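Chemist: Structure incoming, see below.
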Amino acid sequence: MSSLWRYLLAGLGLAALLVCILAVVYLTAPRSSQPAGPDIARTKATNNGLFVASFAPERGVVRVGELESWLLTLKTKAGVPVEGAAIAISGGMPRHSHGLPTSPQATDYLGNGRYRIEGVKFTMNGWWQLHFAISATAGSDTVLFNVVL
């Protein structure tokens with residue numbers, strides 16, 4: 001009977017040692033540098049660094065299910081407004097694998113590098129992406145904005 005107790009105590013000791021080792025590994029493991037969700041910055045450099053783009057709803061708030069106008073502001077790296085840009089817009093919901101329900105268009109140049117983007121409609125809550133292809137005197141570049149509702 002005493003040898004049974006020795007095996008039981010040895011097993012419990014090994015189990016406790018294993019738990020301690022796993023705790024140390026978990027607590028000292030490097031943390032991922034990836035953000036918890038999509039980048040929702042409203043101002044960012046374009047992919048090739050030609051422009052700095054800002055994107056915001058014209059009314060200041062986003063409403064699901066409504067056609068909205070947004071403002072895309074384009075400036076050079078030096079902060080000079082970009083005038084006369086040609087802008088193509090696409091996007092959708094990456095987790096649902098579908099595109100936008102509308103075809104947003106750059107309709108007006110408002111001065112100071114600001115362009116009105118009309119026809120933006122988010123039909124449900126979730127993670128949306130809007131991709132802008134920009135052509136201007138400085139060259140062509142792209143930028144992607146994430147919108148989480």
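In the structure tokens, chains take letters A, B, ... by order of appearance, with residues numbered from 1 within each chain and ligands from 1 in the order shown.
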So that I can see what lies close to range 116-122 of chain A, please list as a PyMOL selection string the residues with an atom at most 6 Å from it, counting only C-alpha atoms and leaving out residues fewer than 2 positions away in the same chain.
Modeler: chain A and resi 64-71+104-108+124
Chemist: Got a sec: who's within 8 Å of range 47-56 of chain A, counting only C-alpha atoms, leaving out chain neighbours fewer than 2 positions off, as a tab-separated table (two decimals) with N, CA, C and O atoms, in the first residue's frame?
Modeler:
chain	number	residue	atom	x	y	z
A	42	ARG	N	-8.10	57.12	-40.00
A	42	ARG	CA	-8.79	57.93	-41.00
A	42	ARG	C	-7.82	58.80	-41.80
A	42	ARG	O	-8.23	59.44	-42.76
A	43	THR	N	-6.55	58.83	-41.42
A	43	THR	CA	-5.52	59.53	-42.19
A	43	THR	C	-4.33	58.60	-42.31
A	43	THR	O	-3.89	58.03	-41.32
A	44	LYS	N	-3.83	58.44	-43.53
A	44	LYS	CA	-2.67	57.56	-43.74
A	44	LYS	C	-1.98	57.90	-45.04
A	44	LYS	O	-2.57	58.50	-45.94
A	45	ALA	N	-0.72	57.50	-45.13
A	45	ALA	CA	0.03	57.64	-46.38
A	45	ALA	C	-0.48	56.59	-47.36
A	45	ALA	O	-0.89	55.50	-46.97
A	58	GLU	N	-19.11	62.97	-44.51
A	58	GLU	CA	-19.37	64.40	-44.63
A	58	GLU	C	-20.26	64.90	-43.50
A	58	GLU	O	-20.08	66.00	-42.99
A	60	GLY	N	-20.34	63.58	-40.56
A	60	GLY	CA	-19.68	63.33	-39.29
A	60	GLY	C	-20.08	62.03	-38.61
A	60	GLY	O	-19.47	61.62	-37.65
A	70	TRP	N	-18.97	61.06	-48.41
A	70	TRP	CA	-17.75	61.11	-47.59
A	70	TRP	C	-16.81	62.11	-48.24
A	70	TRP	O	-16.94	62.44	-49.43
A	71	LEU	N	-15.83	62.56	-47.48
A	71	LEU	CA	-14.82	63.46	-48.00
A	71	LEU	C	-13.47	62.76	-47.99
A	71	LEU	O	-13.05	62.23	-46.97
A	72	LEU	N	-12.83	62.76	-49.15
A	72	LEU	CA	-11.46	62.25	-49.29
A	72	LEU	C	-10.57	63.46	-49.49
A	72	LEU	O	-10.77	64.22	-50.45
A	73	THR	N	-9.62	63.65	-48.59
A	73	THR	CA	-8.69	64.77	-48.70
A	73	THR	C	-7.33	64.21	-49.09
A	73	THR	O	-6.83	63.28	-48.46
A	74	LEU	N	-6.76	64.78	-50.15
A	74	LEU	CA	-5.46	64.34	-50.65
A	74	LEU	C	-4.46	65.48	-50.59
A	74	LEU	O	-4.74	66.58	-51.07
A	75	LYS	N	-3.31	65.18	-49.99
A	75	LYS	CA	-2.22	66.15	-49.95
A	75	LYS	C	-0.93	65.42	-50.31
A	75	LYS	O	-0.83	64.21	-50.17
A	76	THR	N	0.04	66.18	-50.79
A	76	THR	CA	1.35	65.59	-51.04
A	76	THR	C	2.04	65.37	-49.69
A	76	THR	O	1.57	65.83	-48.65
A	77	LYS	N	3.18	64.69	-49.74
A	77	LYS	CA	3.96	64.49	-48.50
A	77	LYS	C	4.33	65.82	-47.86
A	77	LYS	O	4.44	65.92	-46.64
A	79	GLY	N	2.44	68.39	-47.80
A	79	GLY	CA	1.24	69.05	-47.32
A	79	GLY	C	0.53	69.92	-48.33
A	79	GLY	O	-0.40	70.65	-47.98
A	138	ALA	N	1.47	64.01	-59.66
A	138	ALA	CA	2.62	63.39	-58.99
A	138	ALA	C	2.75	61.90	-59.30
A	138	ALA	O	3.79	61.30	-59.03
A	139	GLY	N	1.71	61.29	-59.86
A	139	GLY	CA	1.75	59.86	-60.18
A	139	GLY	C	0.49	59.15	-59.72
A	139	GLY	O	-0.49	59.78	-59.34
A	140	SER	N	0.55	57.83	-59.76
A	140	SER	CA	-0.59	56.99	-59.37
A	140	SER	C	-0.26	56.23	-58.10
A	140	SER	O	0.86	55.76	-57.92
A	141	ASP	N	-1.25	56.10	-57.23
A	141	ASP	CA	-1.06	55.42	-55.96
A	141	ASP	C	-2.40	54.90	-55.48
A	141	ASP	O	-3.46	55.24	-56.05
A	142	THR	N	-2.39	54.10	-54.43
A	142	THR	CA	-3.62	53.55	-53.86
A	142	THR	C	-3.60	53.69	-52.35
A	142	THR	O	-2.55	53.82	-51.73
A	143	VAL	N	-4.79	53.63	-51.78
A	143	VAL	CA	-4.93	53.64	-50.32
A	143	VAL	C	-6.18	52.85	-49.97
A	143	VAL	O	-7.16	52.87	-50.71
A	145	PHE	N	-8.95	52.14	-46.83
A	145	PHE	CA	-9.50	52.54	-45.55
A	145	PHE	C	-10.44	51.45	-45.05
A	145	PHE	O	-11.25	50.94	-45.81
Chemist: Identify all residues of chain A in alpha helix (DSSP H) (DSSP on the backbone) and supply them as number ranges by chain.
Modeler: A: 2-28
Chemist: Take CA of Thr28 in chain A and CA of Ala16 in chain A and report the distance between them in Å, one decimal.
Modeler: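 Result for CA of Thr28 in chain A versus CA of Ala16 in chain A: 18.4 Å, one decimal.
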Chemist: Interatomic distance between CA of Asn125 in chain A and CA of His96 in chain A?
Modeler: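 That distance, rounded to one decimal, is 11.5 Å.
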Chemist: Using CA of Val147 in chain A and CA of Gly111 in chain A as the two end points, give the distance in Å to one decimal.
Modeler: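 Distance between the two atoms: 24.7 Å.
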Chemist: With DSSP run on the backbone, what are the strand (DSSP E) residues within chain A? I'd like them as a PyMOL selection string.
Modeler: chain A and resi 43-45+51-57+68-76+86-93+98-99+105-111+114-120+127-136+139-148
Chemist: Pick out the closest residue to Pro57 in chain A from this set: A:Ser135, A:Gly92, A:Tyr115, A:Ser103. Count only C-alpha atoms.
Modeler: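 Under the stated criterion, the closest residue is A:Tyr115.
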Chemist: For Asp39 in chain A, which residue among A:Leu149, A:Val80, A:Leu144, A:Met93 is the nearest when counting only C-alpha atoms?
Modeler: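 Looking at the shortest contact to Asp39 in chain A, the residue is A:Leu144.
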Chemist: Env of Ser90 in chain A: 8 Å cut, atoms = only C-alpha atoms, seq-sep filter 3 positions within chain, self excluded. Answer as a ChimeraX atom specification.
Modeler: /A:99-100,103-104,130-132
